[in-house]
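What follows is a short report on a single structure.
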Amino acid sequence: MVDLQSAAIGGVVFLVLLFGLYFVVMKTTSLGDDERDSEDTEERLEMTNRERHRRVGFRHRVTRQTPMTQAFMGAILVFLVYLGIASYQIAATGRPTEAAYAGYLEQAVFGMVCVGGGVWFKAKQDRKAGELQIMKEQDEGNSRQTITFDRRLTRETGDGARIVAELKGRQVFGLFWRPRLIADDPKRRDSDYRLPDDIVTYEVPNDDSAVWDEVTGEVTIRAKKVDEVNNPNRPVDYEIVPSERKSKSEIQDLKNDVNELEEELKGEKITNAILSENLSEVEEILTNEEYNALKRVTESREALRQDEPRHQYRDDRDDSDRRGRPRAASSD
């Protein structure tokens, strides 16, 4: 049987040693800017000819941790060293009772198992909850409202939205989440269409105004306002109205579209200028060809006029016929 007084004394000694280690680390570790560290960093950045390592060693990684993390890692290291020594003694003698501080070792192992199980359970509980960040963009100023919701109860609607069930902001004993009921909401407890044991729900639009992270369960939405819903056909309590303002990404997309249109317009203008120049050249060519054709026609007409005889030739046969023909007698 383990002596409770000895266990308590050992626990106090362990906490004192842990606090002392934390105090020493806080005194010897700089949390601000270190000129020497900055100079070393600049010197390392200037060494461009040397090959850089893409991996960080364990020692360098530990030195970059916070003092509390370093103290915790030191305590774990001491415990592992003692556990190794005790395990060796037990394996060598075969009698666990003769190992130094065997009772403390059993308590430490039990505590480590409990801590590991608690950390696993805490992480599992935290994965059930999502966080809805409502960024209200109003004329009098912007504000933010944070809502915790149950990721398991999130469901789709037919009109392109999602319904989330709200959870209370604080966990019981820091572990268990509790749903927020209508009776817990002063604004909705007097609703005509909702029962006191119903869970408070929000309708979140699933459009460009909302950003959903399916891995972490975080949702960020830009909203104009949050309205209450008093409709028996809609099983929601609050409706998030999307903001009419454009986000920075949407504004940047619009600017990119405008720039692309301007580039296309510039290209069209260049193409039109080239086509206009080609058209002018074609018109000039056609005009020259027409002029040359008219000139050739005129020259041809002039040549034909020059080739025509200047005196009209008479028909000799017709003249001889006229001479040999007797003259008609006069009727007189």
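In the structure tokens, chains take letters A, B, ... by order of appearance, with residues numbered from 1 within each chain and ligands from 1 in the order shown.
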Original post:
Please, which residues of segment 212-255 of chain A, numbered as in this document, come out strand (DSSP E or B) from DSSP, as a ChimeraX atom specification?
Top reply: /A:212,218-228,238-242
Using DSSP secondary structure from the backbone, list all helix (DSSP H, G or I) positions within segment 56-270 of chain A, as a PDB file with C-alpha atoms, in the first residue's frame.
```
ATOM      1  CA  PHE A  58      15.257  18.508 -32.308  1.00  0.00           C
ATOM      2  CA  ARG A  59      17.536  20.753 -30.240  1.00  0.00           C
ATOM      3  CA  HIS A  60      16.858  23.827 -32.377  1.00  0.00           C
ATOM      4  CA  ARG A  61      13.154  23.076 -32.423  1.00  0.00           C
ATOM      5  CA  VAL A  62      13.029  22.813 -28.627  1.00  0.00           C
ATOM      6  CA  THR A  63      14.888  26.107 -28.172  1.00  0.00           C
ATOM      7  CA  PRO A  67       9.129  28.455 -21.748  1.00  0.00           C
ATOM      8  CA  MET A  68       6.108  26.551 -20.437  1.00  0.00           C
ATOM      9  CA  THR A  69       6.378  24.002 -23.231  1.00  0.00           C
ATOM     10  CA  GLN A  70      10.087  23.589 -22.553  1.00  0.00           C
ATOM     11  CA  ALA A  71       9.415  23.010 -18.841  1.00  0.00           C
ATOM     12  CA  PHE A  72       6.761  20.410 -19.666  1.00  0.00           C
ATOM     13  CA  MET A  73       9.071  18.635 -22.078  1.00  0.00           C
ATOM     14  CA  GLY A  74      11.819  18.651 -19.432  1.00  0.00           C
ATOM     15  CA  ALA A  75       9.485  17.070 -16.881  1.00  0.00           C
ATOM     16  CA  ILE A  76       8.486  14.398 -19.385  1.00  0.00           C
ATOM     17  CA  LEU A  77      12.154  13.712 -20.106  1.00  0.00           C
ATOM     18  CA  VAL A  78      12.956  13.314 -16.386  1.00  0.00           C
ATOM     19  CA  PHE A  79       9.997  10.979 -15.975  1.00  0.00           C
ATOM     20  CA  LEU A  80      11.055   8.860 -18.946  1.00  0.00           C
ATOM     21  CA  VAL A  81      14.615   8.594 -17.601  1.00  0.00           C
ATOM     22  CA  TYR A  82      13.352   7.493 -14.200  1.00  0.00           C
ATOM     23  CA  LEU A  83      10.903   5.083 -15.846  1.00  0.00           C
ATOM     24  CA  GLY A  84      13.739   3.540 -17.819  1.00  0.00           C
ATOM     25  CA  ILE A  85      15.917   3.131 -14.734  1.00  0.00           C
ATOM     26  CA  ALA A  86      13.063   1.604 -12.731  1.00  0.00           C
ATOM     27  CA  SER A  87      12.171  -0.751 -15.561  1.00  0.00           C
ATOM     28  CA  TYR A  88      15.792  -1.905 -15.754  1.00  0.00           C
ATOM     29  CA  GLN A  89      15.893  -2.533 -11.987  1.00  0.00           C
ATOM     30  CA  ILE A  90      12.638  -4.475 -12.099  1.00  0.00           C
ATOM     31  CA  ALA A  91      13.834  -6.536 -15.043  1.00  0.00           C
ATOM     32  CA  ALA A  92      17.186  -7.201 -13.316  1.00  0.00           C
ATOM     33  CA  THR A  93      15.856  -8.187  -9.864  1.00  0.00           C
ATOM     34  CA  PRO A  96       9.144  -4.568  -8.312  1.00  0.00           C
ATOM     35  CA  THR A  97       8.895  -3.789  -4.608  1.00  0.00           C
ATOM     36  CA  GLU A  98      12.648  -3.326  -4.310  1.00  0.00           C
ATOM     37  CA  ALA A 102       8.010   1.910  -6.905  1.00  0.00           C
ATOM     38  CA  GLY A 103       4.791   3.379  -5.528  1.00  0.00           C
ATOM     39  CA  TYR A 104       5.481   6.768  -7.050  1.00  0.00           C
ATOM     40  CA  LEU A 105       6.198   5.083 -10.348  1.00  0.00           C
ATOM     41  CA  GLU A 106       2.825   3.370 -10.283  1.00  0.00           C
ATOM     42  CA  GLN A 107       1.112   6.658  -9.518  1.00  0.00           C
ATOM     43  CA  ALA A 108       3.032   8.414 -12.285  1.00  0.00           C
ATOM     44  CA  VAL A 109       2.087   5.761 -14.832  1.00  0.00           C
ATOM     45  CA  PHE A 110      -1.537   5.931 -13.727  1.00  0.00           C
ATOM     46  CA  GLY A 111      -1.447   9.724 -13.952  1.00  0.00           C
ATOM     47  CA  MET A 112       0.102   9.634 -17.416  1.00  0.00           C
ATOM     48  CA  VAL A 113      -2.605   7.253 -18.616  1.00  0.00           C
ATOM     49  CA  CYS A 114      -5.295   9.511 -17.165  1.00  0.00           C
ATOM     50  CA  VAL A 115      -3.733  12.626 -18.697  1.00  0.00           C
ATOM     51  CA  GLY A 116      -3.421  10.944 -22.090  1.00  0.00           C
ATOM     52  CA  GLY A 117      -7.014   9.753 -21.932  1.00  0.00           C
ATOM     53  CA  GLY A 118      -8.190  13.202 -20.882  1.00  0.00           C
ATOM     54  CA  VAL A 119      -6.336  14.876 -23.737  1.00  0.00           C
ATOM     55  CA  TRP A 120      -7.826  12.395 -26.216  1.00  0.00           C
ATOM     56  CA  PHE A 121     -11.330  12.888 -24.818  1.00  0.00           C
ATOM     57  CA  LYS A 122     -10.937  16.676 -24.848  1.00  0.00           C
ATOM     58  CA  ALA A 123      -9.816  16.644 -28.481  1.00  0.00           C
ATOM     59  CA  LYS A 124     -12.717  14.382 -29.409  1.00  0.00           C
ATOM     60  CA  GLN A 125     -15.212  16.715 -27.737  1.00  0.00           C
ATOM     61  CA  ASP A 126     -13.702  19.774 -29.396  1.00  0.00           C
ATOM     62  CA  ARG A 127     -14.037  18.167 -32.840  1.00  0.00           C
ATOM     63  CA  LYS A 128     -17.787  17.997 -32.337  1.00  0.00           C
ATOM     64  CA  ILE A 182     -35.110  28.116 -26.659  1.00  0.00           C
ATOM     65  CA  ALA A 183     -35.648  28.509 -22.914  1.00  0.00           C
ATOM     66  CA  ASP A 184     -32.045  29.749 -22.619  1.00  0.00           C
ATOM     67  CA  LYS A 248     -11.722  42.106 -50.979  1.00  0.00           C
ATOM     68  CA  SER A 249     -11.476  38.950 -53.052  1.00  0.00           C
ATOM     69  CA  GLU A 250     -14.635  39.819 -54.972  1.00  0.00           C
ATOM     70  CA  ILE A 251     -13.399  43.369 -55.545  1.00  0.00           C
ATOM     71  CA  GLN A 252     -10.073  41.982 -56.719  1.00  0.00           C
ATOM     72  CA  ASP A 253     -11.883  39.588 -59.053  1.00  0.00           C
ATOM     73  CA  LEU A 254     -13.877  42.485 -60.477  1.00  0.00           C
ATOM     74  CA  LYS A 255     -10.673  44.482 -60.946  1.00  0.00           C
ATOM     75  CA  ASN A 256      -9.106  41.527 -62.714  1.00  0.00           C
ATOM     76  CA  ASP A 257     -12.150  41.231 -64.967  1.00  0.00           C
ATOM     77  CA  VAL A 258     -11.971  44.952 -65.746  1.00  0.00           C
ATOM     78  CA  ASN A 259      -8.269  44.666 -66.533  1.00  0.00           C
ATOM     79  CA  GLU A 260      -8.923  41.704 -68.806  1.00  0.00           C
ATOM     80  CA  LEU A 261     -11.699  43.601 -70.585  1.00  0.00           C
ATOM     81  CA  GLU A 262      -9.419  46.613 -70.980  1.00  0.00           C
ATOM     82  CA  GLU A 263      -6.705  44.395 -72.443  1.00  0.00           C
ATOM     83  CA  GLU A 264      -9.229  42.834 -74.809  1.00  0.00           C
ATOM     84  CA  LEU A 265     -10.501  46.284 -75.783  1.00  0.00           C
ATOM     85  CA  LYS A 266      -6.949  47.448 -76.392  1.00  0.00           C
ATOM     86  CA  GLY A 267      -6.338  44.406 -78.563  1.00  0.00           C
ATOM     87  CA  GLU A 268      -9.566  45.055 -80.476  1.00  0.00           C
ATOM     88  CA  LYS A 269      -8.513  48.661 -81.041  1.00  0.00           C
ATOM     89  CA  ILE A 270      -5.155  47.524 -82.378  1.00  0.00           C
TER      90      ILE A 270
END
```
Original post:
At what distance in Å, to one decimal, does atom CA of Trp177 of chain A lie from atom CA of Asp150 of chain A?
Top reply: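 About the pair atom CA of Asp150 of chain A and atom CA of Trp177 of chain A: they are 8.8 Å apart.
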**OP:** Point out the residue among A:Val226, A:Val200, A:Leu153, A:Val172 with the least atom-to-atom distance to Gln138 of chain A, counting only C-alpha atoms.
**Re:**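 Smallest separation from Gln138 of chain A among the options: A:Val226.
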Original post:
In Å, how far is it from atom CA of Thr146 of chain A to atom CA of Glu214 of chain A?
Top reply: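 Distance reported for this atom pair: 17.5 Å.
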**OP:** Show which residues sit within 12 Å of segment 193-198 of chain A, as an MDAnalysis selection string. Count only C-alpha atoms, and ignore same-chain residues fewer than 4 positions away.
**Re:** chainID A and resid 165:166 179:189 229:237
Restricting the output to N, CA and C atoms, write the selected residues as a PDB file, in the first residue's frame.
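Below is the file that was written, again23.pdb:
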```
ATOM      1  N   ALA A 165     -27.080  24.114 -35.430  1.00  0.00           N
ATOM      2  CA  ALA A 165     -27.653  24.107 -34.082  1.00  0.00           C
ATOM      3  C   ALA A 165     -26.650  24.711 -33.109  1.00  0.00           C
ATOM      4  N   GLU A 166     -27.082  25.713 -32.362  1.00  0.00           N
ATOM      5  CA  GLU A 166     -26.178  26.448 -31.478  1.00  0.00           C
ATOM      6  C   GLU A 166     -25.870  25.661 -30.214  1.00  0.00           C
ATOM      7  N   PRO A 179     -26.243  21.913 -25.631  1.00  0.00           N
ATOM      8  CA  PRO A 179     -26.990  22.686 -26.630  1.00  0.00           C
ATOM      9  C   PRO A 179     -27.706  23.865 -25.981  1.00  0.00           C
ATOM     10  N   ARG A 180     -27.834  24.916 -26.746  1.00  0.00           N
ATOM     11  CA  ARG A 180     -28.567  26.082 -26.261  1.00  0.00           C
ATOM     12  C   ARG A 180     -30.029  25.936 -26.666  1.00  0.00           C
ATOM     13  N   LEU A 181     -30.895  25.907 -25.681  1.00  0.00           N
ATOM     14  CA  LEU A 181     -32.314  25.696 -25.912  1.00  0.00           C
ATOM     15  C   LEU A 181     -33.043  27.024 -26.045  1.00  0.00           C
ATOM     16  N   ILE A 182     -34.272  26.920 -26.519  1.00  0.00           N
ATOM     17  CA  ILE A 182     -35.110  28.116 -26.659  1.00  0.00           C
ATOM     18  C   ILE A 182     -35.325  28.775 -25.302  1.00  0.00           C
ATOM     19  N   ALA A 183     -35.451  27.957 -24.256  1.00  0.00           N
ATOM     20  CA  ALA A 183     -35.648  28.509 -22.914  1.00  0.00           C
ATOM     21  C   ALA A 183     -34.430  29.284 -22.430  1.00  0.00           C
ATOM     22  N   ASP A 184     -33.258  29.033 -23.010  1.00  0.00           N
ATOM     23  CA  ASP A 184     -32.045  29.749 -22.619  1.00  0.00           C
ATOM     24  C   ASP A 184     -31.857  31.052 -23.372  1.00  0.00           C
ATOM     25  N   ASP A 185     -32.660  31.295 -24.405  1.00  0.00           N
ATOM     26  CA  ASP A 185     -32.529  32.499 -25.229  1.00  0.00           C
ATOM     27  C   ASP A 185     -33.638  33.480 -24.855  1.00  0.00           C
ATOM     28  N   PRO A 186     -33.308  34.628 -24.276  1.00  0.00           N
ATOM     29  CA  PRO A 186     -34.362  35.578 -23.884  1.00  0.00           C
ATOM     30  C   PRO A 186     -35.185  36.090 -25.062  1.00  0.00           C
ATOM     31  N   LYS A 187     -34.599  36.157 -26.239  1.00  0.00           N
ATOM     32  CA  LYS A 187     -35.336  36.676 -27.394  1.00  0.00           C
ATOM     33  C   LYS A 187     -36.338  35.675 -27.954  1.00  0.00           C
ATOM     34  N   ARG A 188     -36.076  34.373 -27.759  1.00  0.00           N
ATOM     35  CA  ARG A 188     -36.902  33.363 -28.414  1.00  0.00           C
ATOM     36  C   ARG A 188     -37.758  32.554 -27.451  1.00  0.00           C
ATOM     37  N   ARG A 189     -37.637  32.773 -26.163  1.00  0.00           N
ATOM     38  CA  ARG A 189     -38.378  31.944 -25.220  1.00  0.00           C
ATOM     39  C   ARG A 189     -39.877  32.202 -25.271  1.00  0.00           C
ATOM     40  N   VAL A 229     -36.741  34.715 -37.052  1.00  0.00           N
ATOM     41  CA  VAL A 229     -37.691  34.073 -37.962  1.00  0.00           C
ATOM     42  C   VAL A 229     -38.896  33.628 -37.148  1.00  0.00           C
ATOM     43  N   ASN A 230     -40.063  34.118 -37.531  1.00  0.00           N
ATOM     44  CA  ASN A 230     -41.318  33.739 -36.877  1.00  0.00           C
ATOM     45  C   ASN A 230     -42.255  33.129 -37.912  1.00  0.00           C
ATOM     46  N   ASN A 231     -41.805  32.045 -38.492  1.00  0.00           N
ATOM     47  CA  ASN A 231     -42.568  31.367 -39.532  1.00  0.00           C
ATOM     48  C   ASN A 231     -42.708  29.903 -39.143  1.00  0.00           C
ATOM     49  N   PRO A 232     -43.938  29.402 -38.996  1.00  0.00           N
ATOM     50  CA  PRO A 232     -44.097  27.997 -38.585  1.00  0.00           C
ATOM     51  C   PRO A 232     -43.596  27.004 -39.623  1.00  0.00           C
ATOM     52  N   ASN A 233     -43.465  27.435 -40.874  1.00  0.00           N
ATOM     53  CA  ASN A 233     -42.995  26.539 -41.930  1.00  0.00           C
ATOM     54  C   ASN A 233     -41.471  26.480 -42.026  1.00  0.00           C
ATOM     55  N   ARG A 234     -40.792  27.287 -41.248  1.00  0.00           N
ATOM     56  CA  ARG A 234     -39.327  27.306 -41.269  1.00  0.00           C
ATOM     57  C   ARG A 234     -38.809  26.962 -39.872  1.00  0.00           C
ATOM     58  N   PRO A 235     -38.173  25.813 -39.708  1.00  0.00           N
ATOM     59  CA  PRO A 235     -37.708  25.391 -38.374  1.00  0.00           C
ATOM     60  C   PRO A 235     -36.381  26.033 -37.984  1.00  0.00           C
ATOM     61  N   VAL A 236     -36.312  27.338 -38.086  1.00  0.00           N
ATOM     62  CA  VAL A 236     -35.103  28.072 -37.697  1.00  0.00           C
ATOM     63  C   VAL A 236     -35.516  29.241 -36.815  1.00  0.00           C
ATOM     64  N   ASP A 237     -34.575  29.723 -36.034  1.00  0.00           N
ATOM     65  CA  ASP A 237     -34.839  30.847 -35.140  1.00  0.00           C
ATOM     66  C   ASP A 237     -34.233  32.151 -35.640  1.00  0.00           C
TER      67      ASP A 237
END
```
Subject >> Residue nearest Gly141 of chain A - candidates A:Arg305, A:Lys224, A:Thr216, A:Leu286, atoms counted: only C-alpha atoms >> reply: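 With only C-alpha atoms as the atom set, the closest residue is A:Lys224.
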Subject >> Surrounding residues of Glu239 of chain A excluding itself and chain neighbours under 5 positions, 7 Å, only C-alpha atoms, as a list in words >> reply: Tyr202, Glu203, Val204, Val226, Asp227, Glu228 and Val229 of chain A
Original post:
Using only C-alpha atoms, which residues sit within 9 Å of Asn206 of chain A once same-chain residues fewer than 5 positions away are excluded, as number ranges by chain?
Top reply: A: 160-162, 211-212
Subject >> Atomic separation - atom CA of Lys225 of chain A relative to atom CA of Arg151 of chain A, Å >> reply: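 Between these atoms lies a distance of 23.0 Å.
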